[in-house]
>>> print(open('model.csv').read())   # CSV, C-alpha atoms
chain,number,residue,atom,x,y,z
A,1,MET,CA,-11.1,-17.5,-22.9
A,2,LYS,CA,-9.7,-19.6,-20.0
A,3,HIS,CA,-7.0,-18.1,-18.0
A,4,ASN,CA,-4.3,-20.2,-16.2
A,5,GLU,CA,-4.4,-18.4,-12.9
A,6,THR,CA,-7.1,-16.4,-11.1
A,7,VAL,CA,-6.1,-14.2,-8.2
A,8,LEU,CA,-8.1,-12.1,-5.7
A,9,ILE,CA,-6.9,-8.6,-5.1
A,10,THR,CA,-8.6,-6.8,-2.3
A,11,GLY,CA,-8.6,-3.0,-2.2
A,12,GLY,CA,-7.6,-2.8,-5.8
A,13,ALA,CA,-9.4,0.5,-6.4
A,14,GLY,CA,-7.1,2.3,-3.9
A,15,PHE,CA,-3.8,4.0,-4.5
A,16,ILE,CA,-1.3,1.1,-4.4
A,17,GLY,CA,-3.8,-1.6,-5.4
A,18,SER,CA,-4.8,0.1,-8.6
A,19,ASN,CA,-1.2,0.8,-9.6
A,20,PHE,CA,-0.5,-2.9,-8.9
A,21,ILE,CA,-3.4,-4.3,-10.9
A,22,VAL,CA,-2.3,-2.3,-14.0
A,23,TYR,CA,1.3,-3.5,-13.5
A,24,LEU,CA,0.2,-7.2,-13.0
A,25,LEU,CA,-2.0,-7.3,-16.1
A,26,GLU,CA,1.1,-6.1,-18.1
A,27,GLN,CA,3.5,-8.6,-16.4
A,28,ASN,CA,1.4,-11.7,-16.5
A,29,LYS,CA,-0.7,-12.3,-19.7
A,30,ASN,CA,-2.2,-15.6,-18.3
A,31,ILE,CA,-3.7,-14.0,-15.1
A,32,HIS,CA,-7.3,-13.1,-14.4
A,33,ILE,CA,-7.8,-10.6,-11.6
A,34,ILE,CA,-10.8,-10.3,-9.4
A,35,ASN,CA,-10.7,-6.9,-7.6
A,36,LEU,CA,-12.8,-6.9,-4.4
A,37,ASP,CA,-13.2,-3.3,-3.1
A,38,LYS,CA,-15.8,-1.7,-0.9
A,39,LEU,CA,-15.3,1.7,-2.5
A,40,THR,CA,-14.9,3.7,0.7
A,41,TYR,CA,-13.6,7.2,0.3
A,42,ALA,CA,-10.1,5.8,-0.5
A,43,GLY,CA,-11.3,3.7,-3.4
A,44,GLU,CA,-11.8,5.2,-6.9
A,45,LEU,CA,-12.9,3.2,-9.8
A,46,SER,CA,-11.5,5.9,-12.1
A,47,ASN,CA,-8.1,4.7,-10.9
A,48,LEU,CA,-8.7,1.7,-13.2
A,49,ASP,CA,-10.2,3.5,-16.2
A,50,GLU,CA,-7.2,2.6,-18.4
A,51,ILE,CA,-7.9,-1.1,-18.1
A,52,SER,CA,-9.9,-2.7,-21.0
A,53,SER,CA,-9.3,-6.4,-20.5
A,54,ASP,CA,-11.3,-9.5,-20.2
A,55,ARG,CA,-8.7,-10.6,-17.6
A,56,TYR,CA,-10.0,-8.1,-15.1
A,57,THR,CA,-13.3,-8.3,-13.1
A,58,PHE,CA,-14.5,-5.8,-10.4
A,59,VAL,CA,-16.6,-6.9,-7.5
A,60,LYS,CA,-18.0,-4.3,-5.1
A,61,GLY,CA,-18.0,-5.7,-1.6
A,62,ASP,CA,-16.6,-5.8,1.9
A,63,ILE,CA,-13.7,-8.2,3.0
A,64,CYS,CA,-15.6,-8.5,6.3
A,65,ASP,CA,-18.6,-10.1,4.4
A,66,ARG,CA,-17.8,-13.8,5.1
A,67,LEU,CA,-20.5,-15.2,2.7
A,68,LEU,CA,-19.4,-13.0,-0.2
A,69,VAL,CA,-15.7,-13.8,0.3
A,70,ASP,CA,-16.4,-17.6,0.5
A,71,LYS,CA,-18.7,-17.4,-2.6
A,72,LEU,CA,-15.9,-15.7,-4.6
A,73,PHE,CA,-13.4,-18.4,-3.6
A,74,LYS,CA,-15.8,-21.1,-4.6
A,75,THR,CA,-16.7,-19.4,-7.9
A,76,TYR,CA,-13.2,-18.5,-9.1
A,77,ASN,CA,-10.9,-21.1,-7.5
A,78,PHE,CA,-8.3,-18.5,-6.6
A,79,LYS,CA,-4.7,-19.5,-6.9
A,80,GLY,CA,-3.6,-16.5,-4.8
A,81,VAL,CA,-4.8,-13.5,-2.7
A,82,ILE,CA,-2.9,-10.2,-2.7
A,83,HIS,CA,-4.5,-8.3,0.2
A,84,PHE,CA,-4.2,-4.5,0.0
A,85,ALA,CA,-7.6,-3.6,1.5
A,86,ALA,CA,-7.2,-1.5,4.6
A,87,GLU,CA,-8.1,1.6,6.4
A,88,SER,CA,-4.9,3.5,6.3
A,89,HIS,CA,-5.2,7.2,7.4
A,90,VAL,CA,-3.6,7.9,10.7
A,91,ASP,CA,-5.7,11.0,11.5
A,92,ASN,CA,-8.9,9.1,10.7
A,93,SER,CA,-7.8,6.2,13.0
A,94,ILE,CA,-7.4,8.7,15.9
A,95,LYS,CA,-11.0,9.9,15.3
A,96,HIS,CA,-12.7,6.5,14.4
A,97,PRO,CA,-10.5,3.6,15.6
A,98,ASP,CA,-13.4,1.1,15.4
A,99,GLU,CA,-13.4,1.2,11.6
A,100,PHE,CA,-9.7,0.3,11.6
A,101,ILE,CA,-10.1,-2.6,13.9
A,102,ARG,CA,-13.0,-3.9,11.9
A,103,THR,CA,-11.4,-3.8,8.5
A,104,ASN,CA,-7.8,-4.3,9.2
A,105,VAL,CA,-8.1,-7.0,11.9
A,106,PHE,CA,-11.4,-8.8,11.4
A,107,GLY,CA,-11.3,-8.3,7.6
A,108,THR,CA,-7.8,-9.8,7.3
A,109,PHE,CA,-8.8,-12.7,9.6
A,110,ASN,CA,-11.9,-13.3,7.5
A,111,LEU,CA,-9.9,-13.6,4.3
A,112,LEU,CA,-7.3,-15.9,5.9
A,113,ASP,CA,-9.9,-18.2,7.3
A,114,VAL,CA,-11.8,-18.5,4.1
A,115,ALA,CA,-8.5,-19.1,2.2
A,116,LYS,CA,-7.5,-21.8,4.7
A,117,ASN,CA,-10.9,-23.5,4.5
A,118,ASN,CA,-10.9,-23.5,0.7
A,119,TRP,CA,-7.3,-24.4,0.1
A,120,MET,CA,-6.6,-26.9,2.9
A,121,ASP,CA,-7.9,-30.2,4.1
A,122,GLY,CA,-6.4,-29.7,7.5
A,123,PRO,CA,-3.4,-28.2,9.3
A,124,HIS,CA,-0.4,-28.4,7.0
A,125,GLN,CA,-2.4,-30.4,4.4
A,126,SER,CA,-3.1,-28.6,1.1
A,127,LYS,CA,-6.0,-29.8,-1.1
A,128,LYS,CA,-4.9,-31.4,-4.3
A,129,GLY,CA,-4.2,-28.7,-6.9
A,130,PHE,CA,-3.9,-26.0,-4.2
A,131,GLU,CA,-0.4,-26.8,-3.1
A,132,ASN,CA,1.2,-23.6,-4.4
A,133,ASN,CA,-1.6,-21.2,-3.5
A,134,ARG,CA,-0.4,-18.1,-1.7
A,135,PHE,CA,-1.8,-15.4,0.5
A,136,HIS,CA,0.2,-12.2,0.3
A,137,HIS,CA,-0.5,-9.6,3.0
A,138,ILE,CA,0.5,-6.0,2.3
A,139,SER,CA,1.5,-4.1,5.5
A,140,THR,CA,3.4,-1.0,6.6
A,141,ASP,CA,6.6,0.1,8.3
A,142,GLU,CA,4.4,1.9,10.9
A,143,VAL,CA,4.0,-1.4,12.8
A,144,TYR,CA,7.6,-0.9,14.0
A,145,GLY,CA,6.8,2.4,15.8
A,146,THR,CA,9.3,5.3,15.5
A,147,LEU,CA,13.0,5.7,15.1
A,148,GLY,CA,15.4,8.3,16.5
A,149,ASP,CA,17.9,10.1,14.3
A,150,THR,CA,19.7,6.8,13.3
A,151,GLY,CA,18.9,3.2,12.6
A,152,PHE,CA,16.6,1.4,10.3
A,153,PHE,CA,13.6,-1.0,10.5
A,154,THR,CA,14.5,-4.6,9.6
A,155,GLU,CA,12.3,-7.7,9.4
A,156,THR,CA,13.4,-8.6,12.9
A,157,THR,CA,12.6,-5.2,14.5
A,158,ALA,CA,10.2,-5.5,17.4
A,159,TYR,CA,6.7,-4.2,16.8
A,160,ALA,CA,5.8,-1.0,18.7
A,161,PRO,CA,2.8,0.6,17.0
A,162,ASN,CA,1.8,4.0,18.2
A,163,SER,CA,-1.5,4.8,16.5
A,164,PRO,CA,-4.8,2.9,16.2
A,165,TYR,CA,-4.0,2.5,12.5
A,166,SER,CA,-0.5,1.0,13.0
A,167,ALA,CA,-1.8,-1.2,15.9
A,168,SER,CA,-4.5,-2.6,13.7
A,169,LYS,CA,-2.0,-3.4,10.9
A,170,ALA,CA,0.4,-5.0,13.5
A,171,SER,CA,-2.5,-7.1,14.7
A,172,SER,CA,-3.3,-8.2,11.1
A,173,ASP,CA,0.4,-9.1,10.5
A,174,PHE,CA,0.3,-11.4,13.6
A,175,ILE,CA,-2.8,-13.1,12.5
A,176,VAL,CA,-1.2,-13.8,9.1
A,177,ARG,CA,1.8,-15.2,10.9
A,178,SER,CA,-0.4,-17.4,13.1
A,179,TYR,CA,-2.1,-18.9,10.0
A,180,PHE,CA,1.3,-19.9,8.7
A,181,HIS,CA,2.6,-21.4,11.9
A,182,THR,CA,-0.7,-23.1,13.1
A,183,TYR,CA,-2.2,-24.2,9.8
A,184,GLY,CA,0.7,-24.2,7.4
A,185,LEU,CA,-1.1,-21.7,5.1
A,186,ASN,CA,1.3,-20.4,2.4
A,187,VAL,CA,1.7,-16.7,3.3
A,188,VAL,CA,4.1,-13.9,2.7
A,189,THR,CA,4.0,-10.4,4.2
A,190,THR,CA,5.6,-7.2,2.8
A,191,ASN,CA,6.0,-4.1,5.0
A,192,CYS,CA,6.6,-0.9,3.0
A,193,SER,CA,7.7,2.6,3.6
A,194,ASN,CA,5.7,5.7,2.6
A,195,ASN,CA,4.5,5.4,-1.0
A,196,TYR,CA,4.0,8.3,-3.4
A,197,GLY,CA,3.1,8.6,-7.0
A,198,PRO,CA,0.0,8.8,-9.3
A,199,LYS,CA,-3.5,7.9,-8.0
A,200,GLN,CA,-2.7,8.6,-4.3
A,201,HIS,CA,-5.7,9.9,-2.4
A,202,ASP,CA,-6.0,13.7,-2.3
A,203,GLU,CA,-5.8,13.8,1.6
A,204,LYS,CA,-2.2,12.5,1.7
A,205,LEU,CA,0.8,14.7,2.2
A,206,ILE,CA,2.2,15.0,-1.3
A,207,PRO,CA,-1.1,15.4,-3.2
A,208,THR,CA,-2.2,17.9,-0.5
A,209,ILE,CA,1.0,20.0,-0.9
A,210,ILE,CA,0.5,20.1,-4.7
A,211,ARG,CA,-3.2,20.8,-4.6
A,212,LYS,CA,-2.9,23.6,-2.0
A,213,ALA,CA,0.0,25.1,-3.9
A,214,ILE,CA,-1.7,25.4,-7.2
A,215,SER,CA,-5.0,26.5,-5.6
A,216,ASP,CA,-3.1,29.4,-4.0
A,217,GLU,CA,-4.0,28.1,-0.5
A,218,LYS,CA,-1.9,27.7,2.6
A,219,ILE,CA,0.2,24.5,2.5
A,220,PRO,CA,-0.2,22.9,5.9
A,221,ILE,CA,2.8,21.2,7.5
A,222,TYR,CA,2.5,19.5,10.9
A,223,GLY,CA,4.7,20.7,13.8
A,224,ASP,CA,8.1,21.9,12.7
A,225,GLY,CA,8.1,19.8,9.5
A,226,LYS,CA,11.1,17.7,10.8
A,227,ASN,CA,9.3,14.4,10.8
A,228,ILE,CA,11.1,12.0,8.5
A,229,ARG,CA,9.8,9.3,6.1
A,230,ASP,CA,11.5,6.9,3.7
A,231,TRP,CA,9.7,7.6,0.4
A,232,LEU,CA,9.0,4.8,-2.1
A,233,PHE,CA,7.7,5.4,-5.6
A,234,VAL,CA,4.6,3.3,-6.0
A,235,LEU,CA,5.7,1.5,-9.2
A,236,ASP,CA,8.9,0.4,-7.4
A,237,HIS,CA,6.6,-1.0,-4.6
A,238,CYS,CA,4.5,-2.9,-7.1
A,239,LYS,CA,7.6,-4.6,-8.6
A,240,GLY,CA,8.6,-5.6,-5.1
A,241,ILE,CA,5.2,-7.0,-4.2
A,242,TYR,CA,5.1,-9.1,-7.4
A,243,LEU,CA,8.6,-10.4,-6.7
A,244,ALA,CA,7.7,-11.4,-3.1
A,245,TYR,CA,4.4,-12.9,-4.3
A,246,LYS,CA,6.1,-15.1,-6.9
A,247,GLN,CA,9.4,-15.8,-5.3
A,248,GLY,CA,9.2,-15.1,-1.6
A,249,VAL,CA,9.8,-17.9,0.9
A,250,ASN,CA,6.7,-19.2,2.6
A,251,GLY,CA,6.1,-17.6,6.0
A,252,GLU,CA,8.7,-14.9,5.4
A,253,THR,CA,8.4,-11.1,5.7
A,254,TYR,CA,10.1,-8.6,3.3
A,255,ASN,CA,10.6,-4.9,4.0
A,256,ILE,CA,10.3,-2.7,0.9
A,257,GLY,CA,11.8,0.8,1.2
A,258,GLY,CA,13.1,3.5,-1.2
A,259,LYS,CA,16.2,4.6,0.7
A,260,ASN,CA,14.9,8.1,0.2
A,261,GLU,CA,14.6,9.7,3.7
A,262,ARG,CA,13.2,13.2,3.5
A,263,ASN,CA,11.5,15.3,6.2
A,264,ASN,CA,8.1,16.9,5.5
A,265,LEU,CA,9.5,20.4,5.1
A,266,TYR,CA,12.0,19.2,2.5
A,267,ILE,CA,9.2,17.6,0.6
A,268,ALA,CA,7.1,20.8,0.6
A,269,ASN,CA,10.1,22.9,-0.5
A,270,ALA,CA,11.1,20.4,-3.3
A,271,ILE,CA,7.5,20.4,-4.7
A,272,CYS,CA,7.3,24.2,-4.5
A,273,GLU,CA,10.6,24.5,-6.4
A,274,ILE,CA,9.3,22.1,-9.2
A,275,LEU,CA,6.1,24.2,-9.4
A,276,ASP,CA,8.1,27.4,-9.5
A,277,GLU,CA,9.7,26.1,-12.7
A,278,ILE,CA,6.6,24.4,-14.3
A,279,LEU,CA,3.9,26.8,-13.3
A,280,PRO,CA,5.7,30.0,-12.3
A,281,LYS,CA,3.9,32.9,-10.6
A,282,GLN,CA,5.0,36.2,-9.1
A,283,GLN,CA,6.0,34.8,-5.7
A,284,SER,CA,7.4,31.4,-4.9
A,285,TYR,CA,5.0,28.7,-3.9
A,286,LYS,CA,7.2,28.4,-0.8
A,287,ASN,CA,5.5,31.5,0.7
A,288,GLN,CA,2.3,29.4,1.1
A,289,ILE,CA,4.0,26.9,3.5
A,290,THR,CA,2.3,27.2,6.9
A,291,PHE,CA,3.0,25.2,10.1
A,292,VAL,CA,0.0,23.7,11.9
A,293,LYS,CA,-0.4,22.0,15.2
A,294,ASP,CA,1.1,18.6,15.3
A,295,ARG,CA,-1.1,15.5,15.4
A,296,PRO,CA,-1.3,13.1,18.4
A,297,GLY,CA,1.1,10.1,18.2
A,298,HIS,CA,3.0,11.5,15.3
A,299,ASP,CA,6.0,9.2,14.8
A,300,PHE,CA,9.3,11.1,14.3
A,301,ARG,CA,11.1,9.0,11.8
A,302,TYR,CA,10.5,5.8,9.7
A,303,ALA,CA,13.3,4.3,7.6
A,304,ILE,CA,13.4,0.8,6.1
A,305,ASP,CA,16.4,-1.5,5.5
A,306,ALA,CA,15.4,-3.3,2.3
A,307,THR,CA,18.6,-5.5,2.2
A,308,LYS,CA,16.7,-8.8,2.5
A,309,ILE,CA,14.4,-8.3,-0.6
A,310,GLU,CA,17.4,-6.9,-2.5
A,311,THR,CA,19.8,-9.7,-1.8
A,312,GLU,CA,17.3,-12.7,-1.6
A,313,LEU,CA,14.9,-11.7,-4.4
A,314,GLY,CA,16.9,-9.2,-6.5
A,315,TRP,CA,14.6,-6.2,-6.0
A,316,LYS,CA,15.8,-2.7,-6.3
A,317,ALA,CA,14.1,0.7,-6.6
A,318,ASP,CA,14.4,2.2,-10.1
A,319,GLU,CA,13.4,5.7,-9.0
A,320,ASN,CA,15.1,8.0,-6.5
A,321,PHE,CA,13.1,10.7,-4.9
A,322,GLU,CA,14.2,13.5,-7.3
A,323,THR,CA,13.1,11.5,-10.4
A,324,GLY,CA,9.9,10.2,-8.8
A,325,ILE,CA,8.7,13.4,-7.4
A,326,ILE,CA,8.9,15.2,-10.8
A,327,LYS,CA,6.7,12.4,-12.4
A,328,THR,CA,4.3,12.7,-9.5
A,329,VAL,CA,4.0,16.5,-9.6
A,330,ASN,CA,3.3,16.4,-13.3
A,331,TRP,CA,0.6,13.8,-12.9
A,332,TYR,CA,-1.2,15.8,-10.2
A,333,ILE,CA,-0.9,19.0,-12.2
A,334,ASN,CA,-2.8,17.2,-15.0
A,335,LYS,CA,-5.4,16.0,-12.6
A,336,TYR,CA,-6.0,19.3,-10.7
A,337,LYS,CA,-5.7,21.6,-13.7
A,338,GLN,CA,-8.5,19.8,-15.7
>>> encode(input="model.csv", output="C-alpha cells")
Amino acid sequence: MKHNETVLITGGAGFIGSNFIVYLLEQNKNIHIINLDKLTYAGELSNLDEISSDRYTFVKGDICDRLLVDKLFKTYNFKGVIHFAAESHVDNSIKHPDEFIRTNVFGTFNLLDVAKNNWMDGPHQSKKGFENNRFHHISTDEVYGTLGDTGFFTETTAYAPNSPYSASKASSDFIVRSYFHTYGLNVVTTNCSNNYGPKQHDEKLIPTIIRKAISDEKIPIYGDGKNIRDWLFVLDHCKGIYLAYKQGVNGETYNIGGKNERNNLYIANAICEILDEILPKQQSYKNQITFVKDRPGHDFRYAIDATKIETELGWKADENFETGIIKTVNWYINKYKQ
C-alpha cells in the first residue's frame, strides 16, 4: 500500500515520542511513520505494543550515525522530521555531560544537515517536490533558565540554561534557528513545560512517587519540595506538536504549557491522596514522604505562557492537573501492580 506522506520520528520509543506516534497514526490515515530510536535506557519498544499497522516502521539506530540517517532519507523520501530524540535527565547530565552534548547537539546538527542536503539544492532553494517539507524540533522550557515567584517564559525570553542538559538543548535550538536563517530550511520549534502521563520513564518525579508509594518505600523529594513546575498532560502536548507541525509558521517557535503550576511537595501529596482512596492502607501514603538533599543547579520555577500557540494556532490543553493526574496514577497502578 502506498502512503501519501512518510515522516521520520526520532526517539519515538521514548515517553513523549511513543504517545505522539500513537496519536499521529490515529489522526492521519495517509501517513507512514519511520521511528528511529537508539533504545537507550529511556526508550522502550513496549511503549508501542498497541500499534499493529503497516503505516509504522521501527529502525534501531543513532541520530549521530550520518550514514544511517542519510540512507533513511534516500530510502523513504521523508516529507517531514519530528525530532524527539534527546538525552533528557538533569541528574544524568550532571554526571555524564558528554553524552548530552553528543546526542542533543551533534545529533540534532546531523539530522538538520542531512535534511538540508536531501531537501534543498542550495540556500533558500528547495528541490522540486520538497517545497513543503518540514523539520520540527522538540525542545524544553529549561532552556530559559529559572523564574522567581512571578512571571512566565515566552518565546522571546532570553536563554539562560543552568544544567548541562538544558545547555545542550539550548544549543540544539540555536542550530535549528541557524538552518532556517542561513539555508532557508523549513523549521519549527516547540518548547514545552514538564510533561506527565502514561509511559513516562520510571526515574521521573511522578512515576517515582507512585512506585515508591505502592512499594511501601520512602518517597524522596528534593530540598524543601518548593520547586515549581508547570505540568502538561502528554496527550495535550502531542496535540500541540501536531498543530505546530502542520500549521506553524516557518522559522517560528511555539511554547506549549499546561497552566498547571504545582510544587513538588504538592504533587507528592496529591498523588498520596489519590492512592489513599484507590489503594487504602492503615496509614496515609503521605507518611512515606521524605526530604533528600537538593540536586546541583536545581531551577526554582518554570512556567510557560502558551498564548502564542493558543491564539495563532488554536491549541488549548484539555486536561487540568486534577483530571490528568488521576488518569496517570491509574495507569501506573496497572503497570506496577502486574
>>> residues_near_point(input="model.csv", point="(4.1, 12.3, -8.6)", cutoff="9 Å", atoms="all atoms listed in the file", output="PyMOL selection string")
chain A and resi 196-200+206-207+233+324-332
>>> closest_residue(input="model.csv", among="A:Trp231, A:Lys226, A:Val143, A:Ile333", to="Ile209 in chain A", atoms="all atoms listed in the file")
A:Ile333
>>> residues_near_point(input="model.csv", point="(20.9, 1.0, 8.4)", cutoff="6 Å", atoms="all atoms listed in the file", output="NGL selection string")
:A and (151-152 or 305)
>>> residues_around(input="model.csv", residues="Leu279 in chain A", least_positions_apart="2", cutoff="12 Å", atoms="all atoms listed in the file", output="list in words")
Ile210, Ala213, Ile214, Ser215, Asp216, Ile271, Cys272, Glu273, Ile274, Leu275, Asp276, Glu277, Lys281, Gln282, Gln283, Ser284, Tyr285, Val329, Asn330, Ile333, Asn334 and Lys337 of chain A
>>> closest_residue(input="model.csv", among="A:Lys29, A:Lys169, A:Arg55, A:Lys218", to="Ser88 in chain A", atoms="all atoms listed in the file")
A:Lys169
>>> atom_distance(input="model.csv", atom1="CA of Arg301 in chain A", atom2="CA of Ile241 in chain A")
23.4 Å
>>> residues_around(input="model.csv", residues="range 307-321 of chain A", least_positions_apart="2", cutoff="8 Å", atoms="all atoms listed in the file", output="list in words")
Trp231, Leu232, Phe233, Asp236, His237, Lys239, Gly240, Leu243, Ala244, Gln247, Gly248, Tyr254, Asn255, Ile256, Gly258, Asn260, Asp305, Thr323, Gly324 and Ile325 of chain A
>>> write_last_selection(input="model.csv", atoms="C-alpha atoms", output="mmCIF file, in the coordinates of the input")
data_model
loop_
_atom_site.group_PDB
_atom_site.id
_atom_site.type_symbol
_atom_site.label_atom_id
_atom_site.label_comp_id
_atom_site.auth_asym_id
_atom_site.auth_seq_id
_atom_site.Cartn_x
_atom_site.Cartn_y
_atom_site.Cartn_z
ATOM 1 C CA TRP A 231 9.700 7.600 0.400
ATOM 2 C CA LEU A 232 9.000 4.800 -2.100
ATOM 3 C CA PHE A 233 7.700 5.400 -5.600
ATOM 4 C CA ASP A 236 8.900 0.400 -7.400
ATOM 5 C CA HIS A 237 6.600 -1.000 -4.600
ATOM 6 C CA LYS A 239 7.600 -4.600 -8.600
ATOM 7 C CA GLY A 240 8.600 -5.600 -5.100
ATOM 8 C CA LEU A 243 8.600 -10.400 -6.700
ATOM 9 C CA ALA A 244 7.700 -11.400 -3.100
ATOM 10 C CA GLN A 247 9.400 -15.800 -5.300
ATOM 11 C CA GLY A 248 9.200 -15.100 -1.600
ATOM 12 C CA TYR A 254 10.100 -8.600 3.300
ATOM 13 C CA ASN A 255 10.600 -4.900 4.000
ATOM 14 C CA ILE A 256 10.300 -2.700 0.900
ATOM 15 C CA GLY A 258 13.100 3.500 -1.200
ATOM 16 C CA ASN A 260 14.900 8.100 0.200
ATOM 17 C CA ASP A 305 16.400 -1.500 5.500
ATOM 18 C CA THR A 323 13.100 11.500 -10.400
ATOM 19 C CA GLY A 324 9.900 10.200 -8.800
ATOM 20 C CA ILE A 325 8.700 13.400 -7.400
#
>>> build_atoms(input="model.csv", residues="range 229-237 of chain A", atoms="all heavy atoms", output="PDB file, in the frame of the given file")
ATOM      1  N   ARG A 229      10.315  10.582   6.712  1.00  0.00           N
ATOM      2  CA  ARG A 229       9.800   9.300   6.100  1.00  0.00           C
ATOM      3  C   ARG A 229      10.735   8.865   5.049  1.00  0.00           C
ATOM      4  O   ARG A 229      11.423   9.662   4.416  1.00  0.00           O
ATOM      5  CB  ARG A 229       8.377   9.561   5.556  1.00  0.00           C
ATOM      6  CG  ARG A 229       7.338  10.042   6.576  1.00  0.00           C
ATOM      7  CD  ARG A 229       7.022   8.979   7.595  1.00  0.00           C
ATOM      8  NE  ARG A 229       6.038   9.400   8.577  1.00  0.00           N
ATOM      9  CZ  ARG A 229       6.346   9.827   9.793  1.00  0.00           C
ATOM     10  NH1 ARG A 229       7.614   9.940  10.170  1.00  0.00           N
ATOM     11  NH2 ARG A 229       5.380  10.149  10.647  1.00  0.00           N
ATOM     12  N   ASP A 230      10.725   7.551   4.833  1.00  0.00           N
ATOM     13  CA  ASP A 230      11.500   6.900   3.700  1.00  0.00           C
ATOM     14  C   ASP A 230      10.469   6.795   2.582  1.00  0.00           C
ATOM     15  O   ASP A 230       9.479   6.064   2.702  1.00  0.00           O
ATOM     16  CB  ASP A 230      11.991   5.579   4.197  1.00  0.00           C
ATOM     17  CG  ASP A 230      12.626   4.770   3.081  1.00  0.00           C
ATOM     18  OD1 ASP A 230      12.982   5.364   2.052  1.00  0.00           O
ATOM     19  OD2 ASP A 230      12.768   3.546   3.253  1.00  0.00           O
ATOM     20  N   TRP A 231      10.713   7.488   1.469  1.00  0.00           N
ATOM     21  CA  TRP A 231       9.700   7.600   0.400  1.00  0.00           C
ATOM     22  C   TRP A 231      10.005   6.580  -0.721  1.00  0.00           C
ATOM     23  O   TRP A 231      11.132   6.448  -1.201  1.00  0.00           O
ATOM     24  CB  TRP A 231       9.677   8.999  -0.158  1.00  0.00           C
ATOM     25  CG  TRP A 231       9.092   9.940   0.835  1.00  0.00           C
ATOM     26  CD1 TRP A 231       9.757  10.686   1.773  1.00  0.00           C
ATOM     27  CD2 TRP A 231       7.698  10.200   1.040  1.00  0.00           C
ATOM     28  NE1 TRP A 231       8.856  11.400   2.539  1.00  0.00           N
ATOM     29  CE2 TRP A 231       7.587  11.124   2.117  1.00  0.00           C
ATOM     30  CE3 TRP A 231       6.528   9.751   0.426  1.00  0.00           C
ATOM     31  CZ2 TRP A 231       6.368  11.596   2.580  1.00  0.00           C
ATOM     32  CZ3 TRP A 231       5.305  10.223   0.887  1.00  0.00           C
ATOM     33  CH2 TRP A 231       5.239  11.136   1.947  1.00  0.00           C
ATOM     34  N   LEU A 232       8.956   5.875  -1.128  1.00  0.00           N
ATOM     35  CA  LEU A 232       9.000   4.800  -2.100  1.00  0.00           C
ATOM     36  C   LEU A 232       8.067   5.075  -3.242  1.00  0.00           C
ATOM     37  O   LEU A 232       6.867   5.234  -3.007  1.00  0.00           O
ATOM     38  CB  LEU A 232       8.688   3.468  -1.416  1.00  0.00           C
ATOM     39  CG  LEU A 232       8.571   2.210  -2.266  1.00  0.00           C
ATOM     40  CD1 LEU A 232       9.924   1.835  -2.875  1.00  0.00           C
ATOM     41  CD2 LEU A 232       8.039   1.049  -1.413  1.00  0.00           C
ATOM     42  N   PHE A 233       8.586   5.144  -4.470  1.00  0.00           N
ATOM     43  CA  PHE A 233       7.700   5.400  -5.600  1.00  0.00           C
ATOM     44  C   PHE A 233       6.830   4.167  -5.840  1.00  0.00           C
ATOM     45  O   PHE A 233       7.273   3.022  -5.777  1.00  0.00           O
ATOM     46  CB  PHE A 233       8.565   5.655  -6.875  1.00  0.00           C
ATOM     47  CG  PHE A 233       7.776   6.187  -8.036  1.00  0.00           C
ATOM     48  CD1 PHE A 233       7.147   7.427  -7.969  1.00  0.00           C
ATOM     49  CD2 PHE A 233       7.651   5.454  -9.210  1.00  0.00           C
ATOM     50  CE1 PHE A 233       6.427   7.929  -9.050  1.00  0.00           C
ATOM     51  CE2 PHE A 233       6.935   5.948 -10.291  1.00  0.00           C
ATOM     52  CZ  PHE A 233       6.321   7.192 -10.203  1.00  0.00           C
ATOM     53  N   VAL A 234       5.550   4.408  -6.076  1.00  0.00           N
ATOM     54  CA  VAL A 234       4.600   3.300  -6.000  1.00  0.00           C
ATOM     55  C   VAL A 234       4.858   2.206  -7.034  1.00  0.00           C
ATOM     56  O   VAL A 234       4.637   1.019  -6.734  1.00  0.00           O
ATOM     57  CB  VAL A 234       3.131   3.896  -6.229  1.00  0.00           C
ATOM     58  CG1 VAL A 234       2.941   4.481  -7.615  1.00  0.00           C
ATOM     59  CG2 VAL A 234       2.087   2.827  -5.932  1.00  0.00           C
ATOM     60  N   LEU A 235       5.390   2.525  -8.208  1.00  0.00           N
ATOM     61  CA  LEU A 235       5.700   1.500  -9.200  1.00  0.00           C
ATOM     62  C   LEU A 235       6.820   0.577  -8.702  1.00  0.00           C
ATOM     63  O   LEU A 235       6.806  -0.642  -8.924  1.00  0.00           O
ATOM     64  CB  LEU A 235       6.005   2.074 -10.552  1.00  0.00           C
ATOM     65  CG  LEU A 235       6.200   1.063 -11.686  1.00  0.00           C
ATOM     66  CD1 LEU A 235       4.991   0.142 -11.844  1.00  0.00           C
ATOM     67  CD2 LEU A 235       6.512   1.767 -13.003  1.00  0.00           C
ATOM     68  N   ASP A 236       7.795   1.168  -8.010  1.00  0.00           N
ATOM     69  CA  ASP A 236       8.900   0.400  -7.400  1.00  0.00           C
ATOM     70  C   ASP A 236       8.273  -0.603  -6.368  1.00  0.00           C
ATOM     71  O   ASP A 236       8.698  -1.758  -6.254  1.00  0.00           O
ATOM     72  CB  ASP A 236       9.918   1.247  -6.758  1.00  0.00           C
ATOM     73  CG  ASP A 236      10.839   1.902  -7.779  1.00  0.00           C
ATOM     74  OD1 ASP A 236      11.119   1.270  -8.809  1.00  0.00           O
ATOM     75  OD2 ASP A 236      11.283   3.035  -7.533  1.00  0.00           O
ATOM     76  N   HIS A 237       7.314  -0.114  -5.608  1.00  0.00           N
ATOM     77  CA  HIS A 237       6.600  -1.000  -4.600  1.00  0.00           C
ATOM     78  C   HIS A 237       5.923  -2.118  -5.320  1.00  0.00           C
ATOM     79  O   HIS A 237       6.010  -3.288  -4.889  1.00  0.00           O
ATOM     80  CB  HIS A 237       5.673  -0.133  -3.783  1.00  0.00           C
ATOM     81  CG  HIS A 237       5.049  -0.890  -2.659  1.00  0.00           C
ATOM     82  ND1 HIS A 237       3.885  -0.473  -2.045  1.00  0.00           N
ATOM     83  CD2 HIS A 237       5.387  -2.051  -2.038  1.00  0.00           C
ATOM     84  CE1 HIS A 237       3.569  -1.337  -1.092  1.00  0.00           C
ATOM     85  NE2 HIS A 237       4.453  -2.301  -1.069  1.00  0.00           N
TER      86      HIS A 237
END
